[in-house]
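Report on one structure; see the data block that follows.
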Amino acid sequence: MEILVCVKRVPDTSENEIEINAEGNDIERDDLVYSINEPDNYAVEEALRMVERAGGIVTVATVGGEDDEEVLRREMAMGAKQAALLSDESFDGSDARGIATVLKGFVQKGKYDLVLTGVQAEDGGAQVGGMLAAMLDYPFASLVTGIEALDGRKLKITREIEGGNKEIYEIDLPCVLSIQTGINEPRYVGMRGIRQVASVPISALGAADLGVEDGAVGAAAARVKRLDYFVPPAGKGAEMLSGGRAEIIDRLIELLKARGGLQ
Amino acid sequence: MPRIFACIEHKAGVADDSAAELAAAAKRIDAAQVPVAVVAGWGPGLDAVCEALRPAYSEIWRIADRALAHPDAEPLRKALASVLPRGSIVLVPHAHFGVDLSPGLSIKLDAAFVSDVLQIEGAEGAWLKVVRQEFGGQVSAHVRCDISSGAVINIRPGAFRPLESANAAGRVVDQSARIGDLTVRRRYLETVASETGGVDISKEPVLVSIGRGIQAQENVAIAEELAAAMGGAVSCSRPVVDAKWLDKSRQVGSSGCTVKPRVYLACGISGSFQHLVGIKGNPLVVAINKNPKAPIFRAADVGIVDDILEFLPALTDRIREQ
């Protein structure tokens with residue numbers, strides 16, 4: 001089985017407080033810790049488990065620039081055998097549709113049985129996988145929390161729906177699946193593992209290599225554009241308890257008692 | 001202004017709450033028109049759903065087909081691509097169904113797509129200005145969308161208040177003959193209901209709920225001790241289940257359990273929308289988080305900025321003393 005996993009490097013929200021810059025046109029990026037988008041990492045792990053069972057190889061690809069190579073390297077340390085950086089000035093400013101267009105070009109250069117993405121990027125909208133599937137005319141399923149290979153180029157998949165319920169589908173290959181967190185426990189990657197793949201070549205492909213036409217991607221083609229960032233309104237806003245910890249605890253206990261929170 | 005359509009989710013003959021919310025969202029795009037509802041399904045409940053939508057929608061496009069008996073995005077996308085006029089604006093609830101349906105639908109309709117919209121500021125010429133959130137709700141963003149070739153817009157459930165009065169007396173128009181072949185390469189097999197673990201958190205009056213801030217499995221005991229001292233139970237947000245530190249049956253949120261306690265202690269939980277929608281019944285929500293900018297403080301009644309690994313044991317000790 002040949003599996004492509006599309007990944008993205010994002011600011012790690014478990015490590016950072018996201019703040020807006022002075023101009024309000026971006027988040028403050030200077031001291032951010034970046035990492036692989038969490039659901040993408042689960043997708044890579046799932047792909048690796050599938051090829052460990054059935055044979056084949058896992059390829060990882062990302063659309064971006066030089067800085068994004070580090071996430072490809074990390075996923076190669078996990079076990080992905082090939083990596084591709086899809087990079088071109090003309091891709092800058094692409095919306096989700098533009099990114100899906102670039103990925104479509106890459107998928108069509110290979111012979112993938114299965115394409116995986118993470119369910120959603122931290123700074124995204126759970127959209128590229130579904131768009132890519134529609135562009136390729138492949139079947140698609142989102143929020144996938146289980147994959148089982150069946151005979152005859154088919155998979156049995158589990159989708160997460162509301163209230164902890166699950167939907168089970170059978171889906172034909174090739175297809176695109178967006179993977180939800182929790183589907184597996186991604187293996188640990190240490191610095192040593194990353195060093196071991198430090199010199200493995202990563203192919204770099206631009207618009208011409210991918211057959212991406214001028215005007216199909218980039219800022220000019222983007223139908224959706226972020227104008228600014230702003231701090232969300234406070235809503236009802238919490239009553240913030242301040243003072244020493246002991247003082248706060250006594251006040252909290254009063255509040256809990258008043259609402260039947262201590263029995 | 002293009003015509004506005006709303007994809008209606010329904011179950012057992014009843015339209016989802018989002019049906020009224022989409023009608024309200026449509027008004028924010030174009031106050032001058034009453035939108036069209038699209039209701040797809042199969043079986044006896046379908047007509048009841050169409051009938052119930054008549055006050056809020058100018059027309060109700062009924063699509064009946066055996067392939068749509070279960071709400072399955074793959075055949076529905078095909079049906080919609082055949083039925084909807086090019087250039088339309090299509091509103092879809094941003095839930096598990098809309099996430100499956102919409103991105104691909106936008107490609108099939110050659111329309112723009114905007115995901116998970118919380119607010120609509122209005123249209124100006126070819127541009128529609130909306131509000132989204134990024135980074136788990138830590139920041140909001142104004143986004144503009146070119147609607148000149150149509151748009152598919154996923155609307156966050158609960159974000160739009162239904163219109164107070166609606167008397168459109170819409171007519172039901174059957175479109176079933178226009179949908180074409182719905183054969184797809186994904187087949188629905190079954191729905192598996194969630195399992196309740198030993199503790200049913202939906203029935204607990206006091207919940208000590210933990211998130212990523214608990215940091216390690218061995219720290220879960222800190223929350224269990226506090227819950228025991230308070231006479232409640234431990235629940236959690238998604239990352240704790242993903243890490244396998246607690247069972248799925250303990251998860252609060254859209255993909256987990258809906259809870260309605262008297263008191264909800266959100267400990268080290270950032271407060272994503274998907275988590276917050278699982279907390280119902282207007283409990284006292286106390287948020288304890290070391291990040292003063294965590295979105296949970298916008299939703300909580302009481303906020304405490306502290307490290308839960310130190311604060312929770314101190315609170316447990318004090319409760320035991322009393």
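A note on labels: chains of the structure tokens are A, B, ... as shown, every chain counts residues from 1, and ligands are counted from 1 in their shown order.
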task: Return the neighbours of chain B among the residues of chain A, cut-off 6 Å, counting only C-alpha atoms, as a ChimeraX atom specification.
output: /A:122-123,125,127,130-131,134,139,142,161-172,182,223-232,234-235,237-241,261-263
task: Run DSSP on the backbone and give me the residues of range 20-149 of chain B it puts in strand (DSSP E), as number ranges by chain.
output: B: 36-41, 59-64, 89-93, 112-117, 119-124, 127-134, 139-146
Grab the residues selected above and save them as a compact mmCIF listing (two decimals), in the first residue's frame with C-alpha atoms.
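Result file is result.txt:
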```txt
# COMPACT_ATOMS: atom_id res chain seq x y z
CA VAL B 36 -34.55 28.22 0.76
CA ALA B 37 -34.26 25.07 2.91
CA VAL B 38 -32.93 21.86 1.40
CA VAL B 39 -34.21 18.75 3.17
CA ALA B 40 -32.89 15.40 2.00
CA GLY B 41 -33.84 12.02 3.38
CA GLU B 59 -39.25 27.39 -0.20
CA ILE B 60 -38.44 23.94 1.10
CA TRP B 61 -36.67 21.79 -1.47
CA ARG B 62 -37.56 18.22 -0.61
CA ILE B 63 -35.20 15.51 -1.85
CA ALA B 64 -36.37 11.96 -1.18
CA ILE B 89 -24.77 30.70 -1.29
CA VAL B 90 -25.15 27.45 0.64
CA LEU B 91 -25.23 27.42 4.46
CA VAL B 92 -24.39 24.21 6.33
CA PRO B 93 -24.11 23.55 10.09
CA ALA B 112 -15.72 29.57 -2.35
CA PHE B 113 -15.71 27.84 1.04
CA VAL B 114 -15.52 29.33 4.52
CA SER B 115 -15.40 27.01 7.49
CA ASP B 116 -16.82 27.40 10.99
CA VAL B 117 -18.23 30.94 10.77
CA GLN B 119 -20.52 35.91 12.84
CA ILE B 120 -21.47 37.56 9.56
CA GLU B 121 -20.69 41.26 9.20
CA GLY B 122 -22.39 41.65 5.84
CA ALA B 123 -21.85 41.70 2.11
CA GLU B 124 -20.33 44.48 0.03
CA TRP B 127 -17.24 40.32 -0.82
CA LEU B 128 -18.80 38.82 2.27
CA LYS B 129 -17.09 39.65 5.57
CA VAL B 130 -17.31 37.07 8.36
CA VAL B 131 -15.67 36.21 11.68
CA ARG B 132 -13.84 32.95 12.39
CA GLN B 133 -11.60 31.72 15.19
CA GLU B 134 -8.18 30.13 15.05
CA VAL B 139 -7.82 34.55 18.53
CA SER B 140 -10.58 35.71 16.20
CA ALA B 141 -10.14 36.81 12.61
CA HIS B 142 -12.11 38.81 10.08
CA VAL B 143 -12.20 36.88 6.84
CA ARG B 144 -13.48 38.05 3.51
CA CYS B 145 -14.90 35.70 0.96
CA ASP B 146 -15.48 36.28 -2.73
```
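Excluding range 71-85 of chain A itself and any same-chain residue fewer than 3 positions from it, the protein and nucleic acid residues within 6 Å of it, counting only C-alpha atoms, are Ile36, Val58, Thr59, Val60, Ala61, Thr62, Asp68, Gly193, Ile194, Ile202, Ser203 and Ala204 of chain A.
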Those residues you just picked out, can you put them in a file as a PDB file, in the first residue's frame with N, CA and C atoms?
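File written: selection-v1.pdb
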```pdb
ATOM      1  N   ILE A  36       4.636  19.881  14.390  1.00  0.00           N
ATOM      2  CA  ILE A  36       3.693  19.313  13.426  1.00  0.00           C
ATOM      3  C   ILE A  36       2.283  19.484  13.974  1.00  0.00           C
ATOM      4  N   VAL A  58       5.231   4.907   3.186  1.00  0.00           N
ATOM      5  CA  VAL A  58       4.537   6.137   3.558  1.00  0.00           C
ATOM      6  C   VAL A  58       5.349   7.328   3.058  1.00  0.00           C
ATOM      7  N   THR A  59       4.678   8.220   2.360  1.00  0.00           N
ATOM      8  CA  THR A  59       5.284   9.472   1.909  1.00  0.00           C
ATOM      9  C   THR A  59       4.604  10.614   2.647  1.00  0.00           C
ATOM     10  N   VAL A  60       5.393  11.601   3.083  1.00  0.00           N
ATOM     11  CA  VAL A  60       4.799  12.795   3.688  1.00  0.00           C
ATOM     12  C   VAL A  60       5.078  13.990   2.791  1.00  0.00           C
ATOM     13  N   ALA A  61       4.127  14.897   2.718  1.00  0.00           N
ATOM     14  CA  ALA A  61       4.302  16.096   1.899  1.00  0.00           C
ATOM     15  C   ALA A  61       3.715  17.294   2.625  1.00  0.00           C
ATOM     16  N   THR A  62       4.330  18.447   2.390  1.00  0.00           N
ATOM     17  CA  THR A  62       3.779  19.680   2.935  1.00  0.00           C
ATOM     18  C   THR A  62       3.935  20.789   1.907  1.00  0.00           C
ATOM     19  N   ASP A  68       9.556  24.704   6.843  1.00  0.00           N
ATOM     20  CA  ASP A  68       8.608  23.602   7.019  1.00  0.00           C
ATOM     21  C   ASP A  68       9.259  22.229   6.871  1.00  0.00           C
ATOM     22  N   GLY A 193      16.621  10.108  16.690  1.00  0.00           N
ATOM     23  CA  GLY A 193      15.906   9.654  15.512  1.00  0.00           C
ATOM     24  C   GLY A 193      15.926  10.701  14.406  1.00  0.00           C
ATOM     25  N   ILE A 194      15.767  11.949  14.792  1.00  0.00           N
ATOM     26  CA  ILE A 194      15.755  13.026  13.796  1.00  0.00           C
ATOM     27  C   ILE A 194      17.135  13.184  13.171  1.00  0.00           C
ATOM     28  N   ILE A 202      15.183  15.269   0.738  1.00  0.00           N
ATOM     29  CA  ILE A 202      13.757  15.610   0.651  1.00  0.00           C
ATOM     30  C   ILE A 202      13.564  16.253  -0.711  1.00  0.00           C
ATOM     31  N   SER A 203      12.652  15.726  -1.509  1.00  0.00           N
ATOM     32  CA  SER A 203      12.491  16.327  -2.830  1.00  0.00           C
ATOM     33  C   SER A 203      11.716  17.645  -2.718  1.00  0.00           C
ATOM     34  N   ALA A 204      12.171  18.600  -3.479  1.00  0.00           N
ATOM     35  CA  ALA A 204      11.498  19.901  -3.522  1.00  0.00           C
ATOM     36  C   ALA A 204      10.846  20.050  -4.887  1.00  0.00           C
TER      37      ALA A 204
END
```
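If you look at CA of Lys8 in chain A and CA of Leu150 in chain A, they are 29.3 Å away from each other.
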task: Taking the DSSP assignment computed from this structure's backbone, write out as number ranges by chain all residues of range 5-204 of chain A that belong to helix (DSSP H, G or I).
output: A: 38-54, 66-78, 89-91, 96-109, 128-136, 162-164, 191-196
message: Quick one: residues within 6 Å of Val119 in chain A, only C-alpha atoms, excluding same-chain residues fewer than 5 positions away - as a list in words?
response: Ala126, Leu143, Ser178, Ile179 and Gln180 of chain A
